[in-house]
file model_7.cif (mmCIF, C-alpha atoms and all ligand atoms)
data_start
loop_
_atom_site.label_atom_id
_atom_site.label_comp_id
_atom_site.auth_asym_id
_atom_site.auth_seq_id
_atom_site.Cartn_x
_atom_site.Cartn_y
_atom_site.Cartn_z
CA MET A 1 0.00 0.00 0.00
CA SER A 2 1.40 3.40 -0.89
CA ALA A 3 1.14 6.34 1.47
CA ALA A 4 -1.63 8.85 0.81
CA PRO A 5 -0.28 11.83 -1.15
CA GLU A 6 0.41 15.00 0.82
CA PRO A 7 -2.50 17.41 0.46
CA PRO A 8 -1.58 20.59 -1.42
CA HIS A 9 -0.58 23.45 0.85
CA ASP A 10 -2.80 26.44 1.63
CA PRO A 11 -0.45 29.38 2.29
CA PHE A 12 -2.97 30.82 4.77
CA PHE A 13 -3.01 27.59 6.79
CA ARG A 14 0.07 28.14 8.91
CA ALA A 15 1.21 28.86 12.43
CA VAL A 16 3.05 32.15 12.74
CA THR A 17 5.73 32.51 15.42
CA ALA A 18 6.28 36.04 16.70
CA PRO A 19 8.01 37.79 19.62
CA ALA A 20 4.67 39.24 20.78
CA PHE A 21 1.01 39.37 19.82
CA THR A 22 0.31 42.32 17.53
CA HIS A 23 -2.85 43.84 16.12
CA GLU A 24 -1.84 42.65 12.65
CA LEU A 25 -1.41 39.05 13.86
CA LEU A 26 -4.68 38.97 15.79
CA ALA A 27 -6.56 40.58 12.90
CA GLY A 28 -4.93 38.08 10.54
CA LEU A 29 -5.97 35.18 12.75
CA ALA A 30 -9.54 36.48 12.90
CA ALA A 31 -9.62 37.02 9.14
CA GLY A 32 -8.12 33.63 8.30
CA ARG A 33 -4.64 34.65 7.12
CA CYS A 34 -3.18 32.13 9.53
CA ALA A 35 -4.47 29.31 11.74
CA ALA A 36 -2.44 29.98 14.88
CA VAL A 37 -0.03 32.47 16.44
CA ARG A 38 2.71 31.29 18.79
CA VAL A 39 4.60 33.58 21.12
CA PRO A 40 7.56 31.78 22.72
CA GLY A 41 8.64 33.18 26.08
CA PHE A 42 5.27 34.88 26.57
CA LEU A 43 5.62 34.29 30.31
CA SER A 44 9.05 34.29 31.94
CA GLU A 45 10.56 31.05 33.25
CA GLU A 46 10.34 32.41 36.79
CA ARG A 47 6.65 33.20 36.51
CA CYS A 48 5.89 29.86 34.85
CA ALA A 49 7.73 28.09 37.64
CA GLU A 50 5.83 30.04 40.28
CA VAL A 51 2.41 29.17 38.86
CA LEU A 52 3.39 25.58 38.15
CA ALA A 53 4.73 24.99 41.67
CA ALA A 54 1.52 26.37 43.16
CA LEU A 55 -0.64 24.24 40.88
CA GLU A 56 1.40 21.10 41.45
CA ALA A 57 0.66 21.35 45.15
CA GLN A 58 -3.10 21.30 44.43
CA PRO A 59 -5.44 18.48 43.58
CA PHE A 60 -6.89 18.79 40.08
CA ASP A 61 -10.53 17.91 39.29
CA SER A 62 -11.53 15.98 36.27
CA TYR A 63 -13.85 17.44 33.65
CA GLN A 64 -17.21 15.69 33.76
CA GLN A 65 -16.14 12.22 32.72
CA ALA A 66 -19.33 11.49 30.82
CA ARG A 67 -18.47 14.47 28.62
CA ILE A 68 -14.70 14.29 28.28
CA ASP A 69 -13.06 10.96 27.59
CA PRO A 70 -10.15 10.31 27.99
CA PRO A 71 -10.31 12.28 31.24
CA VAL A 72 -8.81 15.77 31.28
CA MET A 73 -7.79 17.21 34.62
CA ARG A 74 -8.28 20.83 35.45
CA PHE A 75 -7.90 23.45 38.16
CA GLY A 76 -10.62 26.04 37.94
CA VAL A 77 -14.10 26.20 36.50
CA GLY A 78 -14.96 25.98 32.82
CA VAL A 79 -18.37 26.63 31.35
CA SER A 80 -18.25 23.46 29.23
CA ASP A 81 -19.04 21.48 32.38
CA HIS A 82 -22.11 23.62 33.00
CA MET A 83 -23.93 23.68 29.69
CA ALA A 84 -27.65 23.06 29.99
CA ASP A 85 -30.32 23.25 27.29
CA GLY A 86 -28.13 25.34 25.03
CA GLY A 87 -27.42 27.78 27.84
CA VAL A 88 -25.41 28.01 31.05
CA ALA A 89 -26.63 26.22 34.18
CA GLU A 90 -27.08 28.24 37.36
CA GLY A 91 -24.47 25.99 39.02
CA TYR A 92 -21.75 27.62 36.90
CA TRP A 93 -22.08 30.93 38.74
CA LYS A 94 -22.00 29.21 42.09
CA ALA A 95 -18.96 27.17 41.04
CA LEU A 96 -17.19 30.35 39.94
CA GLU A 97 -17.17 31.60 43.54
CA GLY A 98 -15.16 28.53 44.52
CA HIS A 99 -12.99 29.02 41.45
CA HIS A 100 -11.95 32.53 42.47
CA GLU A 101 -11.32 31.38 46.02
CA ALA A 102 -9.18 28.47 44.81
CA TRP A 103 -7.06 30.67 42.54
CA ARG A 104 -6.67 33.31 45.25
CA GLY A 105 -5.63 30.49 47.56
CA LEU A 106 -2.60 29.80 45.37
CA GLY A 107 -1.12 33.02 46.72
CA LEU A 108 0.52 33.95 43.42
CA SER A 109 2.44 37.21 43.12
CA PHE A 110 0.47 38.03 39.94
CA ASP A 111 -2.72 36.94 38.19
CA PRO A 112 -1.66 34.96 35.09
CA PHE A 113 -5.06 35.39 33.43
CA ARG A 114 -4.95 39.15 33.89
CA THR A 115 -1.37 39.24 32.63
CA SER A 116 -2.46 37.28 29.56
CA ARG A 117 -5.41 39.58 28.94
CA GLU A 118 -3.16 42.62 29.26
CA ALA A 119 -0.77 41.24 26.65
CA LEU A 120 -3.69 40.73 24.28
CA ALA A 121 -5.02 44.21 25.09
CA ALA A 122 -1.68 45.68 24.05
CA ALA A 123 -2.33 44.16 20.62
CA TRP A 124 -5.98 45.13 20.28
CA PRO A 125 -7.13 48.76 20.05
CA GLY A 126 -10.57 48.00 21.52
CA GLY A 127 -9.06 46.39 24.60
CA VAL A 128 -9.84 43.13 26.37
CA GLU A 129 -12.19 42.22 29.17
CA VAL A 130 -13.71 39.14 30.72
CA GLY A 131 -16.97 38.47 28.90
CA ARG A 132 -20.34 38.83 30.62
CA ARG A 133 -23.55 36.88 30.39
CA GLY A 134 -26.67 38.49 31.81
CA GLY A 135 -24.35 41.10 33.31
CA ARG A 136 -22.33 38.53 35.26
CA ALA A 137 -18.61 38.05 34.57
CA MET A 138 -17.69 34.67 33.11
CA GLY A 139 -14.76 32.62 34.40
CA ASP A 140 -11.32 34.05 33.62
CA GLY A 141 -9.52 30.81 32.74
CA VAL A 142 -8.60 27.31 33.80
CA ALA A 143 -5.50 25.18 34.13
CA ARG A 144 -6.00 22.11 31.96
CA GLU A 145 -4.06 18.89 32.04
CA PRO A 146 -4.88 16.63 29.09
CA ASN A 147 -2.20 14.04 29.78
CA GLN A 148 -3.97 11.45 27.68
CA GLY A 149 -4.74 14.04 25.07
CA PHE A 150 -7.79 15.82 23.74
CA GLN A 151 -9.75 14.01 21.07
CA VAL A 152 -10.26 15.64 17.71
CA HIS A 153 -12.77 18.45 18.23
CA PHE A 154 -13.60 22.05 17.43
CA ASP A 155 -14.80 24.84 19.68
CA ASP A 156 -17.43 27.28 18.49
CA ALA A 157 -19.66 29.12 20.96
CA LEU A 158 -22.07 29.92 18.12
CA ARG A 159 -22.83 26.24 17.68
CA GLU A 160 -22.46 25.16 21.31
CA TYR A 161 -24.92 27.67 22.78
CA GLU A 162 -28.27 28.89 21.69
CA GLY A 163 -28.16 32.53 20.67
CA ASP A 164 -25.21 34.45 22.10
CA LEU A 165 -23.15 33.03 24.95
CA LEU A 166 -22.07 36.53 25.99
CA ASP A 167 -24.02 39.76 26.23
CA VAL A 168 -22.05 41.04 23.24
CA PRO A 169 -22.36 38.98 20.03
CA LEU A 170 -19.12 37.52 18.66
CA MET A 171 -17.69 38.03 15.17
CA GLY A 172 -14.67 35.79 15.67
CA GLN A 173 -13.16 33.39 18.17
CA PHE A 174 -9.71 32.30 19.34
CA ALA A 175 -8.50 29.76 21.89
CA PHE A 176 -5.70 30.94 24.19
CA ASN A 177 -3.23 28.51 25.76
CA LEU A 178 -0.20 29.25 27.93
CA TYR A 179 1.98 26.22 28.58
CA LEU A 180 3.42 25.76 32.07
CA SER A 181 4.62 22.16 31.90
CA VAL A 182 5.18 20.11 28.77
CA PRO A 183 6.21 16.48 28.33
CA PRO A 184 9.50 15.48 26.70
CA GLU A 185 7.52 13.33 24.32
CA GLY A 186 4.01 13.70 22.93
CA GLY A 187 1.60 16.45 23.94
CA GLU A 188 1.60 18.06 20.50
CA THR A 189 -1.29 20.25 19.47
CA VAL A 190 -2.52 19.25 16.01
CA ILE A 191 -4.70 21.55 13.90
CA TRP A 192 -6.42 20.37 10.71
CA ARG A 193 -7.57 22.54 7.86
CA HIS A 194 -11.10 21.34 8.27
CA ARG A 195 -14.10 23.11 9.72
CA TRP A 196 -17.25 21.42 10.86
CA GLN A 197 -19.72 20.37 8.22
CA PRO A 198 -22.98 18.49 8.82
CA GLN A 199 -21.72 15.16 7.48
CA ASP A 200 -18.98 15.20 10.16
CA GLU A 201 -21.61 14.10 12.68
CA ALA A 202 -21.25 10.55 11.31
CA HIS A 203 -17.76 10.56 12.94
CA ARG A 204 -18.87 11.85 16.33
CA LEU A 205 -17.70 9.79 19.32
CA SER A 206 -19.95 11.24 22.01
CA ALA A 207 -22.84 13.67 22.29
CA TYR A 208 -20.61 16.16 24.06
CA TYR A 209 -17.19 16.15 22.53
CA GLY A 210 -14.82 14.35 20.24
CA TYR A 211 -14.75 12.95 16.73
CA ASP A 212 -13.01 9.96 15.29
CA GLU A 213 -9.86 11.08 13.52
CA THR A 214 -11.32 9.85 10.21
CA VAL A 215 -13.27 13.12 10.26
CA VAL A 216 -10.11 15.02 9.23
CA ARG A 217 -8.74 12.41 6.83
CA GLY A 218 -6.96 13.98 3.90
CA ALA A 219 -6.92 17.47 5.43
CA GLU A 220 -3.71 19.44 5.70
CA SER A 221 -2.49 19.63 9.30
CA ILE A 222 -0.06 21.52 11.50
CA GLU A 223 1.59 19.87 14.50
CA LEU A 224 2.88 22.14 17.26
CA ALA A 225 5.05 20.88 20.10
CA PRO A 226 4.41 23.29 22.97
CA ARG A 227 7.24 24.88 24.96
CA VAL A 228 7.12 26.10 28.54
CA GLY A 229 6.28 29.79 28.62
CA GLU A 230 4.85 29.82 25.11
CA ALA A 231 1.42 31.27 24.40
CA LEU A 232 -0.65 29.92 21.54
CA LEU A 233 -3.70 31.54 20.01
CA LEU A 234 -5.48 29.31 17.57
CA ASP A 235 -8.61 29.43 15.48
CA PRO A 236 -10.68 26.86 17.39
CA ARG A 237 -13.12 26.35 14.55
CA PHE A 238 -10.46 24.31 12.81
CA PHE A 239 -10.63 20.77 14.13
CA HIS A 240 -7.79 20.24 16.60
CA ALA A 241 -6.52 17.67 19.08
CA VAL A 242 -3.83 17.18 21.69
CA ARG A 243 -1.69 14.04 21.51
CA PRO A 244 -1.13 11.95 24.64
CA SER A 245 1.86 12.97 26.78
CA ARG A 246 4.70 10.74 27.88
CA GLY A 247 7.17 11.48 30.63
CA ALA A 248 5.75 14.58 32.33
CA ARG A 249 2.53 16.42 33.04
CA ARG A 250 1.16 18.70 30.35
CA ILE A 251 -0.36 21.70 32.10
CA ALA A 252 -1.60 24.81 30.31
CA LEU A 253 -3.63 27.83 31.29
CA GLY A 254 -6.44 28.43 28.86
CA PHE A 255 -9.43 30.54 28.03
CA ALA A 256 -11.57 31.33 25.02
CA VAL A 257 -11.40 34.71 23.32
CA GLY A 258 -14.15 36.26 21.25
CA VAL A 259 -14.02 39.29 18.98
CA GLY A 260 -17.09 41.22 20.08
CA THR A 261 -19.25 43.36 17.83
CA ASN A 262 -18.32 46.21 20.20
CA GLY A 263 -14.72 45.94 18.99
CA ARG A 264 -13.43 44.44 22.22
CA LEU A 265 -11.85 41.07 22.83
CA LEU A 266 -13.97 39.14 25.35
CA THR A 267 -12.60 36.17 27.25
CA TRP A 268 -14.36 33.31 29.00
CA ALA A 269 -13.72 29.88 30.41
O1 LIG A 301 -3.89 22.40 24.88
C1 LIG A 301 -3.86 22.77 23.71
O2 LIG A 301 -2.78 22.94 23.10
C2 LIG A 301 -5.14 23.05 22.95
C3 LIG A 301 -6.33 22.77 23.80
C4 LIG A 301 -7.66 23.07 23.12
O3 LIG A 301 -8.36 22.20 22.70
C5 LIG A 301 -8.11 24.47 22.99
O4 LIG A 301 -7.40 25.39 23.39
O5 LIG A 301 -9.23 24.67 22.47
FE FE A 302 -10.22 22.98 21.84
#
call {"tool": "encode", "arguments": {"input": "model_7.cif", "output": "structure tokens"}}
result
Amino acid sequence: MSAAPEPPHDPFFRAVTAPAFTHELLAGLAAGRCAAVRVPGFLSEERCAEVLAALEAQPFDSYQQARIDPPVMRFGVGVSDHMADGGVAEGYWKALEGHHEAWRGLGLSFDPFRTSREALAAAWPGGVEVGRRGGRAMGDGVAREPNQGFQVHFDDALREYEGDLLDVPLMGQFAFNLYLSVPPEGGETVIWRHRWQPQDEAHRLSAYYGYDETVVRGAESIELAPRVGEALLLDPRFFHAVRPSRGARRIALGFAVGVGTNGRLLTWA
């Protein structure tokens, strides 16, 4: 059997590496001129080590196992665990109180989610804020640990929620990741040049999340091996996955970013 031919390359399907996020890069990501932007050294080694040491001393919860398989561990509250009838369950807001308490309890010398938002704000004229729903601030971010990987999936608040998730409608979406601990082997983020189409549902693994990898067969892909301190913004409407890790924990801070119709970047988790 001969290997499948390489798909032809789309020059806009690429990951751009830059010393910092810029307006041009974020606008290009929103417009589709690239699929991802990587900023190595986004957070200093010292700051990464500080957050990682604090997190390593804490127990992580698992995302609702019925929804996420293989299990993904996390520290902090994410809205994906609290979806109900196309909306957000009341329990999310209650859980967020514990979330803020838990993060405050780490006693960090800085707030890594705020620092990340500020770096994005420096690249976006309209500024950045935590998104609101019904006037209430959404979660600011989570630490995620997908040691056994994330199945092939896409993230799109327009399709996951009925109407608008946030009070401000979104014109574009990014996923933000900041890597604190990466394995020596595995743990790559893979992005495929494939967006959801109705026939993809035949490849769905569960009602909540995950598709069989046959869903992206033949599509061009990018594989990114994360580095400690690197920030990655990706277009989450491209199917993507995280490969299983070997040899060390894979811990990243993450939140979703929307481009609001008010010209601001709005984050949530
Ligand atoms: O951990 C990663 O590299 C990507 C995780 C992911 O699925 C996302 O950010 O939407
Ligand atoms: Fe994702």
call {"tool": "closest_atom_pairs", "arguments": {"input": "model_7.cif", "of": "segment 3-44 of chain A", "to": "segment 160-177 of chain A", "cutoff": "12 Å", "atoms": "only C-alpha atoms", "output": "Markdown table"}}
result
| residue | atom | partner | partner_atom | distance |
| --- | --- | --- | --- | --- |
| A:Phe21 | CA | A:Phe176 | CA | 11.6 |
| A:Leu26 | CA | A:Phe174 | CA | 9.1 |
| A:Ala27 | CA | A:Gly172 | CA | 9.8 |
| A:Gly28 | CA | A:Gly172 | CA | 11.2 |
| A:Leu29 | CA | A:Phe174 | CA | 8.1 |
| A:Ala30 | CA | A:Gly172 | CA | 5.9 |
| A:Ala31 | CA | A:Gly172 | CA | 8.3 |
| A:Gly32 | CA | A:Gly172 | CA | 10.1 |
| A:Cys34 | CA | A:Phe174 | CA | 11.8 |
| A:Ala35 | CA | A:Phe174 | CA | 9.7 |
| A:Ala36 | CA | A:Phe174 | CA | 8.8 |
| A:Val37 | CA | A:Phe176 | CA | 9.7 |
| A:Arg38 | CA | A:Asn177 | CA | 9.6 |
| A:Val39 | CA | A:Asn177 | CA | 10.4 |
| A:Pro40 | CA | A:Asn177 | CA | 11.7 |
| A:Phe42 | CA | A:Asn177 | CA | 10.7 |
| A:Leu43 | CA | A:Asn177 | CA | 11.5 |
call {"tool": "residues_near_ligand", "arguments": {"input": "model_7.cif", "ligand": "ligand FE 302 (chain A)", "cutoff": "12 Å", "atoms": "all atoms listed in the file", "output": "ChimeraX atom specification"}}
result
/A:68,72,80,144,146,149-157,173-177,189-191,209-210,232-242,254-257,269
call {"tool": "closest_atom_pairs", "arguments": {"input": "model_7.cif", "of": "segment 113-232 of chain A", "to": "segment 97-109 of chain A", "cutoff": "10 Å", "atoms": "all atoms listed in the file", "output": "CSV"}}
result
residue,atom,partner,partner_atom,distance
A:Gly139,CA,A:His99,CA,8.1
A:Asp140,CA,A:His100,CA,9.0
A:Gly141,CA,A:His99,CA,9.5
A:Val142,CA,A:His99,CA,9.0
call {"tool": "atom_distance", "arguments": {"input": "model_7.cif", "atom1": "atom CA of Ala4 of chain A", "atom2": "atom CA of Ala219 of chain A"}}
result
11.1 Å
call {"tool": "closest_residue", "arguments": {"input": "model_7.cif", "among": "A:Arg159, A:Gly229, A:Glu145, A:His23", "to": "Phe75 of chain A", "atoms": "all atoms listed in the file"}}
result
A:Glu145
call {"tool": "closest_residue", "arguments": {"input": "model_7.cif", "among": "A:Gly247, A:Pro184, A:Gly218, A:Pro226", "to": "ligand LIG 301 (chain A)", "atoms": "all atoms listed in the file"}}
result
A:Pro226
call {"tool": "atom_distance", "arguments": {"input": "model_7.cif", "atom1": "atom CA of Arg246 of chain A", "atom2": "atom CA of Arg193 of chain A"}}
result
26.3 Å
call {"tool": "residues_around", "arguments": {"input": "model_7.cif", "residues": "Val130 of chain A", "least_positions_apart": "6", "cutoff": "8 Å", "atoms": "all atoms listed in the file", "output": "VMD selection string"}}
result
chain A and resid 137 to 140 266 to 268
call {"tool": "closest_residue", "arguments": {"input": "model_7.cif", "among": "A:Pro71, A:Gly187, A:Gly87, A:Pro19", "to": "ligand LIG 301 (chain A)", "atoms": "all atoms listed in the file"}}
result
A:Gly187
call {"tool": "closest_residue", "arguments": {"input": "model_7.cif", "among": "A:Arg74, A:Arg132, A:Arg264, A:His9", "to": "ligand LIG 301 (chain A)", "atoms": "all atoms listed in the file"}}
result
A:Arg74
call {"tool": "residues_around", "arguments": {"input": "model_7.cif", "residues": "Arg217 of chain A", "least_positions_apart": "4", "cutoff": "10 Å", "atoms": "only C-alpha atoms", "output": "PyMOL selection string"}}
result
chain A and resi 4+192+194+212-213+221
call {"tool": "build_atoms", "arguments": {"input": "model_7.cif", "residues": "segment 95-117 of chain A", "atoms": "N, CA and C atoms", "output": "tab-separated table (two decimals), in the coordinates of the input"}}
result
chain	number	residue	atom	x	y	z
A	95	ALA	N	-20.28	27.79	41.11
A	95	ALA	CA	-18.96	27.17	41.04
A	95	ALA	C	-17.87	28.21	40.86
A	96	LEU	N	-18.19	29.31	40.17
A	96	LEU	CA	-17.19	30.35	39.94
A	96	LEU	C	-16.71	30.99	41.25
A	97	GLU	N	-17.60	31.04	42.24
A	97	GLU	CA	-17.17	31.60	43.54
A	97	GLU	C	-16.04	30.75	44.11
A	98	GLY	N	-16.22	29.43	44.06
A	98	GLY	CA	-15.16	28.53	44.52
A	98	GLY	C	-13.91	28.63	43.67
A	99	HIS	N	-14.11	28.87	42.39
A	99	HIS	CA	-12.99	29.02	41.45
A	99	HIS	C	-12.10	30.19	41.86
A	100	HIS	N	-12.74	31.34	42.12
A	100	HIS	CA	-11.95	32.53	42.47
A	100	HIS	C	-11.24	32.33	43.81
A	101	GLU	N	-11.93	31.67	44.72
A	101	GLU	CA	-11.32	31.38	46.02
A	101	GLU	C	-10.11	30.46	45.84
A	102	ALA	N	-10.27	29.44	45.02
A	102	ALA	CA	-9.18	28.47	44.81
A	102	ALA	C	-7.97	29.15	44.18
A	103	TRP	N	-8.20	30.00	43.19
A	103	TRP	CA	-7.06	30.67	42.54
A	103	TRP	C	-6.40	31.68	43.48
A	104	ARG	N	-7.24	32.39	44.26
A	104	ARG	CA	-6.67	33.31	45.25
A	104	ARG	C	-5.83	32.54	46.25
A	105	GLY	N	-6.31	31.33	46.58
A	105	GLY	CA	-5.63	30.49	47.56
A	105	GLY	C	-4.24	30.05	47.12
A	106	LEU	N	-3.95	30.16	45.83
A	106	LEU	CA	-2.60	29.80	45.37
A	106	LEU	C	-1.57	30.81	45.85
A	107	GLY	N	-2.03	32.00	46.20
A	107	GLY	CA	-1.12	33.02	46.72
A	107	GLY	C	-0.08	33.49	45.71
A	108	LEU	N	-0.44	33.55	44.46
A	108	LEU	CA	0.52	33.95	43.42
A	108	LEU	C	0.84	35.44	43.53
A	109	SER	N	2.03	35.81	43.08
A	109	SER	CA	2.44	37.21	43.12
A	109	SER	C	1.81	38.02	41.98
A	110	PHE	N	1.15	37.34	41.05
A	110	PHE	CA	0.47	38.03	39.94
A	110	PHE	C	-0.68	37.14	39.49
A	111	ASP	N	-1.59	37.71	38.71
A	111	ASP	CA	-2.72	36.94	38.19
A	111	ASP	C	-2.40	36.58	36.73
A	112	PRO	N	-2.10	35.32	36.45
A	112	PRO	CA	-1.66	34.96	35.09
A	112	PRO	C	-2.74	35.19	34.03
A	113	PHE	N	-4.01	35.14	34.42
A	113	PHE	CA	-5.06	35.39	33.43
A	113	PHE	C	-5.12	36.88	33.09
A	114	ARG	N	-4.97	37.71	34.13
A	114	ARG	CA	-4.95	39.15	33.89
A	114	ARG	C	-3.73	39.53	33.05
A	115	THR	N	-2.59	38.97	33.40
A	115	THR	CA	-1.37	39.24	32.63
A	115	THR	C	-1.56	38.86	31.17
A	116	SER	N	-2.23	37.73	30.94
A	116	SER	CA	-2.46	37.28	29.56
A	116	SER	C	-3.42	38.23	28.85
A	117	ARG	N	-4.46	38.63	29.55
A	117	ARG	CA	-5.41	39.58	28.94
A	117	ARG	C	-4.72	40.89	28.59
